[in-house]
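Colleague: Here you go, one structure.
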Amino acid sequence: MSGDSLTIGILLAGPNGFRVKFSKHKKQLVKSMLLTDASNLDFIEREIGNKVKEQNRIFVENKKTLFVGIPSLLSSDYFSYLSRYSNGLLKFSPPAFIADNIDDDKFTKLFSLFVDSSAVTLNADDSAKQIERVFYEQVNTKLISRVKDVIHVDQNFDNKVVPSLFTPFKMDCIGLNGVFVGAKSLPFTQTKETLHKTVNTYISVIAHLSSKYSRSLTGNKFFLIADQPDKKTDEYKLWKQLRSAENLLTVISSERSGEVADLVENKGARTFLDIG
């Protein structure tokens with residue numbers, strides 16, 4: 001609304017091909033503010049990445065020709081055009097010439113200078129904390145703030161409600177009207193053991209509540225809010241497994257958490273626990 005913009009990535013063209021890098025942290029910040037479908041941003045990033053891979057493959061196959069006679073959208077003229085006329089979700093700055101041989105270290109410094117210094121200077125723990133902060137901000141903005149007056153939010157369950165619980169378990173929200181509608185947010189920056197324990201406890205809570213209130217396990221609408229982790233990790237394997245076995249709960253990203261609020265409104269879900 002103010003007309004400001006946020007730099008989320010950098011693209012560098014050199015004699016040996018292209019380099020492109022996006023800031024995960026900046027992307028999450030942008031997504032948390034978008035009123036439109038944030039998946040469009042991921043689509044644009046993938047398209048640019050695919051085009052870079054395609055152009056670099058051509059460079060490897062035919063280094064002598066470089067740009068000559070090679071059809072490509074990744075040209076200085078094209079980005080000059082985009083900088084003038086692109087008014088959509090993603091904008092482009094005018095291309096600038098750098099009189100230097102940019103190696104990987106210098107590219108990292110450019111990324112730190114123009115895009116995201118935190119991605120270079122933060123250690124793994126600090127980076128995880130930033131990702132979690134943005135993750136919870138999205139859930140709170142798109143879900144909790146919308147349903148807090150009609151269903152239970154930040155609801156703790158203990159062994160008085162669910163006898164199998166050894167420690168309290170908190171759900172982001174839960175309501176009832178014919179079927180349960182509930183959600184649990186879980187950032188996949190946590191350890192594999194913690195993730196397994198949390199998911200198993202969530203399933204136990206779902207099963208107990210369904211039995212206690214005589215509701216079908218498959219008729220309920222329970223969600224696990226979890227953003228996709230790095231594909232090279234064990235956490236990704238668990239996330240993918242949960243995505244492919246959505247019988248008791250449905251896995252959605254934090255940017256889609258507003259869909260739970262939509263469902264609460266459509267189902268007319270309300271509070272049902274006697275809390276006092």
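Going through the structure tokens in order, the chains are called A, B, and so on, while each chain numbers its residues from 1 and the ligands are numbered from 1 in the order shown.
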Determine, for each residue of stretch 193-233 of chain A having at least one atom at most 12 Å from an atom of stretch 137-145 of chain A, the closest pair of atoms and their separation in Å to one decimal, counting only C-alpha atoms; order by chain and ascending number, as a Markdown table.

Modeller:
| residue | atom | partner | partner_atom | distance |
| --- | --- | --- | --- | --- |
| A:Phe223 | CA | A:Leu143 | CA | 11.9 |
| A:Leu224 | CA | A:Val139 | CA | 11.4 |
| A:Ile225 | CA | A:Val139 | CA | 8.2 |
| A:Ala226 | CA | A:Val139 | CA | 10.2 |
| A:Asp227 | CA | A:Val139 | CA | 11.1 |

Colleague: Please produce a file of the residues just selected, as a CSV table (one decimal), in the first residue's frame, where the atoms kept are C-alpha atoms.

Modeller:
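As a result, out22.csv now contains:
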chain,number,residue,atom,x,y,z
A,223,PHE,CA,-4.8,-30.0,10.0
A,224,LEU,CA,-1.1,-30.1,10.6
A,225,ILE,CA,0.4,-26.7,9.6
A,226,ALA,CA,4.0,-27.4,8.5
A,227,ASP,CA,6.1,-25.7,5.9

Colleague: Contacts of A:His208 at 9 Å or less, counting only C-alpha atoms, minus same-chain residues fewer than 6 places along, as a PyMOL selection string?

Modeller: chain A and resi 161-164

Colleague: Return the single residue from A:Lys232, A:Ser204, A:His196, A:Gln190 that is closest to A:Phe166, with distances computed using only C-alpha atoms.

Modeller: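 For A:Phe166, the nearest of the given residues is A:Ser204.
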
Colleague: Residues within 12 Å of A:Tyr236, please, as an mmCIF file with C-alpha atoms, in the first residue's frame. Count only C-alpha atoms; anything in the same chain fewer than 3 positions from it doesn't count.

Modeller:
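Contents of the output file selection39.cif:
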data_model
loop_
_atom_site.group_PDB
_atom_site.id
_atom_site.type_symbol
_atom_site.label_atom_id
_atom_site.label_comp_id
_atom_site.auth_asym_id
_atom_site.auth_seq_id
_atom_site.Cartn_x
_atom_site.Cartn_y
_atom_site.Cartn_z
ATOM 1 C CA PRO A 187 7.717 -25.888 12.292
ATOM 2 C CA PHE A 188 9.949 -28.565 10.770
ATOM 3 C CA THR A 189 13.049 -26.795 12.057
ATOM 4 C CA GLN A 190 12.847 -29.024 15.136
ATOM 5 C CA THR A 191 14.644 -32.334 15.596
ATOM 6 C CA LYS A 192 13.360 -35.486 13.950
ATOM 7 C CA LEU A 195 8.634 -34.018 15.226
ATOM 8 C CA ALA A 226 3.954 -27.445 8.490
ATOM 9 C CA ASP A 227 6.102 -25.747 5.862
ATOM 10 C CA GLN A 228 8.170 -27.955 3.557
ATOM 11 C CA PRO A 229 11.677 -28.522 4.957
ATOM 12 C CA ASP A 230 14.869 -28.939 2.922
ATOM 13 C CA LYS A 231 14.581 -31.941 0.613
ATOM 14 C CA LYS A 232 17.980 -33.283 1.664
ATOM 15 C CA THR A 233 16.934 -33.826 5.294
ATOM 16 C CA TRP A 239 6.877 -34.293 5.983
ATOM 17 C CA LYS A 240 6.440 -36.067 2.637
ATOM 18 C CA GLN A 241 5.191 -39.223 4.360
ATOM 19 C CA LEU A 242 2.556 -37.224 6.234
ATOM 20 C CA ARG A 243 1.511 -35.478 3.029
#

Colleague: Quick one: residues within 12 Å of A:Leu273, only C-alpha atoms counted, chain neighbours fewer than 6 positions away excluded, as a VMD selection string?

Modeller: chain A and resid 151 to 153 155 to 157 161 174 to 176 209 212 to 213

Colleague: Could you please take those selected residues and save all heavy atoms as a short mmCIF file (atom, residue, chain, number, x, y, z; two decimals), in the first residue's frame?

Modeller:
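The result, stored in again-v1.cif:
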data_model
loop_
_atom_site.label_atom_id
_atom_site.label_comp_id
_atom_site.auth_asym_id
_atom_site.auth_seq_id
_atom_site.Cartn_x
_atom_site.Cartn_y
_atom_site.Cartn_z
N ILE A 151 -14.04 -20.37 18.31
CA ILE A 151 -13.63 -21.70 18.73
C ILE A 151 -12.46 -21.58 19.71
O ILE A 151 -11.96 -20.49 19.96
CB ILE A 151 -13.22 -22.59 17.53
CG1 ILE A 151 -11.98 -22.02 16.82
CG2 ILE A 151 -14.37 -22.76 16.56
CD1 ILE A 151 -11.44 -22.93 15.72
N HIS A 152 -12.04 -22.70 20.28
CA HIS A 152 -10.92 -22.69 21.21
C HIS A 152 -9.62 -22.41 20.45
O HIS A 152 -9.36 -23.02 19.42
CB HIS A 152 -10.80 -24.04 21.91
CG HIS A 152 -12.04 -24.49 22.62
ND1 HIS A 152 -12.51 -23.89 23.77
CD2 HIS A 152 -12.91 -25.50 22.33
CE1 HIS A 152 -13.61 -24.50 24.16
NE2 HIS A 152 -13.88 -25.47 23.31
N VAL A 153 -8.80 -21.51 20.97
CA VAL A 153 -7.48 -21.26 20.38
C VAL A 153 -6.43 -21.43 21.47
O VAL A 153 -6.69 -21.22 22.66
CB VAL A 153 -7.39 -19.85 19.76
CG1 VAL A 153 -8.38 -19.70 18.62
CG2 VAL A 153 -7.61 -18.77 20.80
N GLN A 155 -5.32 -24.04 22.73
CA GLN A 155 -5.96 -24.91 23.71
C GLN A 155 -5.02 -26.02 24.19
O GLN A 155 -4.51 -26.80 23.39
CB GLN A 155 -7.22 -25.54 23.09
CG GLN A 155 -7.97 -26.47 24.02
CD GLN A 155 -8.46 -25.76 25.27
OE1 GLN A 155 -9.05 -24.70 25.18
NE2 GLN A 155 -8.20 -26.34 26.43
N ASN A 156 -4.82 -26.08 25.50
CA ASN A 156 -4.00 -27.12 26.10
C ASN A 156 -4.86 -28.31 26.52
O ASN A 156 -5.91 -28.13 27.14
CB ASN A 156 -3.25 -26.58 27.33
CG ASN A 156 -1.96 -25.89 26.97
OD1 ASN A 156 -1.13 -26.46 26.26
ND2 ASN A 156 -1.79 -24.66 27.43
N PHE A 157 -4.40 -29.50 26.17
CA PHE A 157 -5.04 -30.74 26.62
C PHE A 157 -4.10 -31.44 27.60
O PHE A 157 -2.89 -31.54 27.34
CB PHE A 157 -5.33 -31.66 25.43
CG PHE A 157 -6.37 -31.14 24.50
CD1 PHE A 157 -6.01 -30.44 23.36
CD2 PHE A 157 -7.72 -31.33 24.75
CE1 PHE A 157 -6.97 -29.95 22.49
CE2 PHE A 157 -8.70 -30.85 23.89
CZ PHE A 157 -8.32 -30.16 22.76
N VAL A 161 -8.28 -34.62 30.23
CA VAL A 161 -9.11 -34.66 29.02
C VAL A 161 -8.74 -35.85 28.15
O VAL A 161 -9.60 -36.56 27.63
CB VAL A 161 -8.96 -33.34 28.23
CG1 VAL A 161 -9.83 -33.37 26.97
CG2 VAL A 161 -9.32 -32.15 29.10
N ILE A 174 -9.38 -25.48 17.86
CA ILE A 174 -10.26 -26.63 17.68
C ILE A 174 -11.69 -26.20 17.96
O ILE A 174 -11.96 -25.43 18.88
CB ILE A 174 -9.86 -27.82 18.58
CG1 ILE A 174 -10.74 -29.03 18.27
CG2 ILE A 174 -9.92 -27.43 20.05
CD1 ILE A 174 -10.26 -30.31 18.92
N GLY A 175 -12.61 -26.66 17.12
CA GLY A 175 -14.02 -26.37 17.28
C GLY A 175 -14.84 -27.56 16.85
O GLY A 175 -14.32 -28.52 16.26
N LEU A 176 -16.13 -27.50 17.12
CA LEU A 176 -17.01 -28.64 16.83
C LEU A 176 -18.38 -28.16 16.39
O LEU A 176 -18.95 -27.25 16.99
CB LEU A 176 -17.15 -29.53 18.08
CG LEU A 176 -18.09 -30.73 18.00
CD1 LEU A 176 -17.57 -31.75 16.99
CD2 LEU A 176 -18.25 -31.38 19.38
N LEU A 209 -10.47 -37.73 21.17
CA LEU A 209 -11.59 -36.79 21.05
C LEU A 209 -12.68 -37.35 20.16
O LEU A 209 -13.89 -37.20 20.46
CB LEU A 209 -11.10 -35.45 20.51
CG LEU A 209 -10.21 -34.62 21.44
CD1 LEU A 209 -9.71 -33.37 20.72
CD2 LEU A 209 -10.96 -34.23 22.72
N LYS A 212 -14.49 -39.99 22.26
CA LYS A 212 -15.24 -39.41 23.37
C LYS A 212 -16.51 -38.72 22.91
O LYS A 212 -17.55 -38.78 23.57
CB LYS A 212 -14.35 -38.42 24.12
CG LYS A 212 -15.02 -37.77 25.32
CD LYS A 212 -14.06 -36.87 26.07
CE LYS A 212 -14.74 -36.23 27.28
NZ LYS A 212 -13.81 -35.37 28.04
N TYR A 213 -16.43 -38.05 21.75
CA TYR A 213 -17.58 -37.30 21.26
C TYR A 213 -18.30 -38.01 20.12
O TYR A 213 -19.09 -37.41 19.39
CB TYR A 213 -17.14 -35.90 20.82
CG TYR A 213 -16.74 -35.02 21.98
CD1 TYR A 213 -15.42 -35.00 22.43
CD2 TYR A 213 -17.67 -34.23 22.64
CE1 TYR A 213 -15.04 -34.20 23.50
CE2 TYR A 213 -17.30 -33.42 23.70
CZ TYR A 213 -15.98 -33.42 24.14
OH TYR A 213 -15.62 -32.62 25.19
#

Colleague: Among stretch 11-228 of chain A, which ones does DSSP assign to alpha helix (DSSP H) (computed from the backbone)? Answer as a ChimeraX atom specification.

Modeller: /A:24-33,39-61,76-85,104-114,118-121,124-139,145-147,192-212

Colleague: Which residues, written as JSON, numbers by chain, have at least one atom at most 9 Å from A:Ser76, with only C-alpha atoms counted and residues fewer than 6 positions away on the same chain left out?

Modeller: {"A": [13, 94, 95, 96]}

Colleague: Using DSSP on the backbone coordinates, identify all residues within stretch 52-240 of chain A classified as strand (DSSP E); present the result as a list in words.

Modeller: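 Output for stretch 52-240 of chain A, strand (DSSP E) only: His152, Val153, Asp154, Gln155, Asn156, Phe157, Phe169, Lys170, Met171, Asp172, Cys173, Ile174, Gly175, Leu176, Asn177, Val179, Phe180, Val181, Gly182, Ala183, Lys184, Ser185, Lys221, Phe222, Phe223, Leu224 and Ile225 of chain A.
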
Colleague: Within 12 Å of A:Ser210, counting only C-alpha atoms, which residues qualify if same-chain residues fewer than 4 places away don't, as a list in words?

Modeller: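 With the cut-off at 12 Å, the set is Val162, Leu176, Gly178, Val179, Phe180, Val181, Gly182, Ile203, Ser204, Val205, Ile206, Ser214, Arg215, Ser216, Leu217, Thr218, Gly219, Asn220, Lys221, Phe222 and Leu248 of chain A.
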
Colleague: Just the selected residues (all heavy atoms), exported as a short mmCIF file (atom, residue, chain, number, x, y, z; two decimals), in the first residue's frame, please.

Modeller:
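What landed in part_34.cif:
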data_model
loop_
_atom_site.label_atom_id
_atom_site.label_comp_id
_atom_site.auth_asym_id
_atom_site.auth_seq_id
_atom_site.Cartn_x
_atom_site.Cartn_y
_atom_site.Cartn_z
N VAL A 162 -7.44 -36.08 27.99
CA VAL A 162 -6.93 -37.20 27.20
C VAL A 162 -6.04 -38.03 28.12
O VAL A 162 -4.88 -37.67 28.36
CB VAL A 162 -6.12 -36.71 25.98
CG1 VAL A 162 -5.66 -37.90 25.14
CG2 VAL A 162 -6.95 -35.75 25.13
N LEU A 176 -16.13 -27.50 17.12
CA LEU A 176 -17.01 -28.64 16.83
C LEU A 176 -18.38 -28.16 16.39
O LEU A 176 -18.95 -27.25 16.99
CB LEU A 176 -17.15 -29.53 18.08
CG LEU A 176 -18.09 -30.73 18.00
CD1 LEU A 176 -17.57 -31.75 16.99
CD2 LEU A 176 -18.25 -31.38 19.38
N GLY A 178 -20.97 -30.88 14.41
CA GLY A 178 -21.14 -32.04 13.55
C GLY A 178 -19.84 -32.80 13.42
O GLY A 178 -19.76 -33.99 13.70
N VAL A 179 -18.78 -32.11 13.00
CA VAL A 179 -17.44 -32.70 12.92
C VAL A 179 -16.45 -31.74 13.60
O VAL A 179 -16.74 -30.56 13.78
CB VAL A 179 -16.99 -32.95 11.46
CG1 VAL A 179 -17.90 -33.96 10.78
CG2 VAL A 179 -16.96 -31.65 10.67
N PHE A 180 -15.30 -32.27 13.96
CA PHE A 180 -14.25 -31.43 14.52
C PHE A 180 -13.53 -30.68 13.40
O PHE A 180 -13.31 -31.21 12.32
CB PHE A 180 -13.22 -32.29 15.27
CG PHE A 180 -13.66 -32.75 16.62
CD1 PHE A 180 -13.96 -34.08 16.85
CD2 PHE A 180 -13.77 -31.86 17.68
CE1 PHE A 180 -14.37 -34.51 18.11
CE2 PHE A 180 -14.18 -32.27 18.93
CZ PHE A 180 -14.47 -33.61 19.15
N VAL A 181 -13.15 -29.45 13.71
CA VAL A 181 -12.23 -28.69 12.87
C VAL A 181 -11.12 -28.20 13.78
O VAL A 181 -11.38 -27.48 14.76
CB VAL A 181 -12.91 -27.49 12.19
CG1 VAL A 181 -11.90 -26.73 11.34
CG2 VAL A 181 -14.08 -27.94 11.33
N GLY A 182 -9.89 -28.62 13.51
CA GLY A 182 -8.79 -28.24 14.39
C GLY A 182 -7.47 -28.18 13.65
O GLY A 182 -7.34 -28.71 12.54
N ILE A 203 -2.00 -37.33 16.85
CA ILE A 203 -2.89 -38.39 16.38
C ILE A 203 -3.63 -39.04 17.55
O ILE A 203 -4.83 -39.36 17.45
CB ILE A 203 -2.08 -39.45 15.60
CG1 ILE A 203 -1.58 -38.85 14.29
CG2 ILE A 203 -2.93 -40.69 15.32
CD1 ILE A 203 -0.65 -39.75 13.49
N SER A 204 -2.95 -39.20 18.70
CA SER A 204 -3.60 -39.77 19.89
C SER A 204 -4.73 -38.86 20.38
O SER A 204 -5.80 -39.34 20.76
CB SER A 204 -2.57 -39.97 21.01
OG SER A 204 -1.61 -40.93 20.64
N VAL A 205 -4.48 -37.55 20.37
CA VAL A 205 -5.50 -36.59 20.79
C VAL A 205 -6.70 -36.65 19.84
O VAL A 205 -7.86 -36.65 20.28
CB VAL A 205 -4.91 -35.17 20.85
CG1 VAL A 205 -6.01 -34.13 21.07
CG2 VAL A 205 -3.86 -35.08 21.95
N ILE A 206 -6.43 -36.71 18.55
CA ILE A 206 -7.51 -36.80 17.56
C ILE A 206 -8.35 -38.05 17.80
O ILE A 206 -9.60 -38.01 17.81
CB ILE A 206 -6.92 -36.82 16.13
CG1 ILE A 206 -6.32 -35.46 15.78
CG2 ILE A 206 -8.00 -37.20 15.11
CD1 ILE A 206 -5.57 -35.44 14.46
N SER A 214 -18.01 -39.31 19.98
CA SER A 214 -18.70 -40.16 18.99
C SER A 214 -18.65 -39.57 17.59
O SER A 214 -19.68 -39.44 16.91
CB SER A 214 -20.16 -40.40 19.41
OG SER A 214 -20.21 -40.99 20.69
N ARG A 215 -17.45 -39.21 17.16
CA ARG A 215 -17.27 -38.67 15.82
C ARG A 215 -16.38 -39.62 15.02
O ARG A 215 -15.46 -40.24 15.57
CB ARG A 215 -16.60 -37.28 15.86
CG ARG A 215 -17.45 -36.22 16.55
CD ARG A 215 -18.76 -35.97 15.83
NE ARG A 215 -19.48 -34.82 16.33
CZ ARG A 215 -20.34 -34.85 17.34
NH1 ARG A 215 -20.56 -35.99 17.97
NH2 ARG A 215 -20.98 -33.76 17.72
N SER A 216 -16.66 -39.74 13.73
CA SER A 216 -15.87 -40.61 12.86
C SER A 216 -14.46 -40.04 12.70
O SER A 216 -14.29 -38.82 12.50
CB SER A 216 -16.54 -40.74 11.49
OG SER A 216 -15.67 -41.34 10.57
N LEU A 217 -13.46 -40.90 12.77
CA LEU A 217 -12.08 -40.45 12.61
C LEU A 217 -11.87 -39.79 11.25
O LEU A 217 -11.16 -38.79 11.12
CB LEU A 217 -11.12 -41.62 12.77
CG LEU A 217 -10.69 -41.99 14.19
CD1 LEU A 217 -9.86 -43.26 14.18
CD2 LEU A 217 -9.89 -40.85 14.82
N THR A 218 -12.46 -40.38 10.21
CA THR A 218 -12.23 -39.88 8.85
C THR A 218 -13.15 -38.72 8.48
O THR A 218 -12.94 -38.07 7.47
CB THR A 218 -12.43 -41.02 7.83
OG1 THR A 218 -13.75 -41.57 7.97
CG2 THR A 218 -11.40 -42.12 8.05
N GLY A 219 -14.15 -38.45 9.31
CA GLY A 219 -15.08 -37.36 8.99
C GLY A 219 -14.62 -36.01 9.52
O GLY A 219 -15.14 -34.97 9.12
N ASN A 220 -13.66 -36.03 10.42
CA ASN A 220 -13.17 -34.78 11.01
C ASN A 220 -12.26 -34.02 10.05
O ASN A 220 -11.79 -34.57 9.05
CB ASN A 220 -12.42 -35.07 12.31
CG ASN A 220 -13.32 -35.68 13.36
OD1 ASN A 220 -14.43 -35.22 13.58
ND2 ASN A 220 -12.84 -36.74 14.01
N LYS A 221 -11.97 -32.77 10.40
CA LYS A 221 -11.10 -31.92 9.60
C LYS A 221 -9.97 -31.40 10.48
O LYS A 221 -10.01 -30.28 10.98
CB LYS A 221 -11.88 -30.76 8.97
CG LYS A 221 -13.01 -31.18 8.05
CD LYS A 221 -12.48 -31.88 6.80
CE LYS A 221 -13.62 -32.25 5.86
NZ LYS A 221 -13.14 -32.95 4.65
N PHE A 222 -8.97 -32.26 10.68
CA PHE A 222 -7.81 -31.86 11.46
C PHE A 222 -6.64 -31.56 10.52
O PHE A 222 -6.42 -32.28 9.54
CB PHE A 222 -7.40 -32.97 12.43
CG PHE A 222 -8.29 -33.07 13.63
CD1 PHE A 222 -9.24 -34.07 13.72
CD2 PHE A 222 -8.17 -32.15 14.67
CE1 PHE A 222 -10.07 -34.17 14.83
CE2 PHE A 222 -9.00 -32.24 15.79
CZ PHE A 222 -9.94 -33.25 15.87
N LEU A 248 -6.02 -39.14 8.69
CA LEU A 248 -6.47 -38.54 9.94
C LEU A 248 -6.27 -37.03 9.96
O LEU A 248 -7.01 -36.31 10.62
CB LEU A 248 -5.73 -39.17 11.13
CG LEU A 248 -6.02 -40.64 11.40
CD1 LEU A 248 -5.25 -41.09 12.63
CD2 LEU A 248 -7.51 -40.87 11.61
#

Colleague: Fewer than 6 positions away in the same chain doesn't count, so skip those; otherwise give me all residues within 12 Å of A:Glu193, counting only C-alpha atoms, as a PyMOL selection string.

Modeller: chain A and resi 199-200+234-235+238

Colleague: Could you turn the residues from that selection into a file that holds C-alpha atoms, as a PDB file, in the first residue's frame?

Modeller:
ATOM      1  CA  VAL A 199       2.811 -35.949  15.397  1.00  0.00           C
ATOM      2  CA  ASN A 200       2.146 -39.177  17.326  1.00  0.00           C
ATOM      3  CA  ASP A 234      15.265 -36.601   7.284  1.00  0.00           C
ATOM      4  CA  GLU A 235      12.643 -34.062   8.300  1.00  0.00           C
ATOM      5  CA  LEU A 238       8.634 -37.342   7.449  1.00  0.00           C
TER       6      LEU A 238
END

Colleague: Could you tell me which of A:Ser75, A:Asp4, A:Arg146, A:Val251 comes closest to A:Lys184 if we count only C-alpha atoms?

Modeller: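 Looking at the shortest contact to A:Lys184, the residue is A:Val251.
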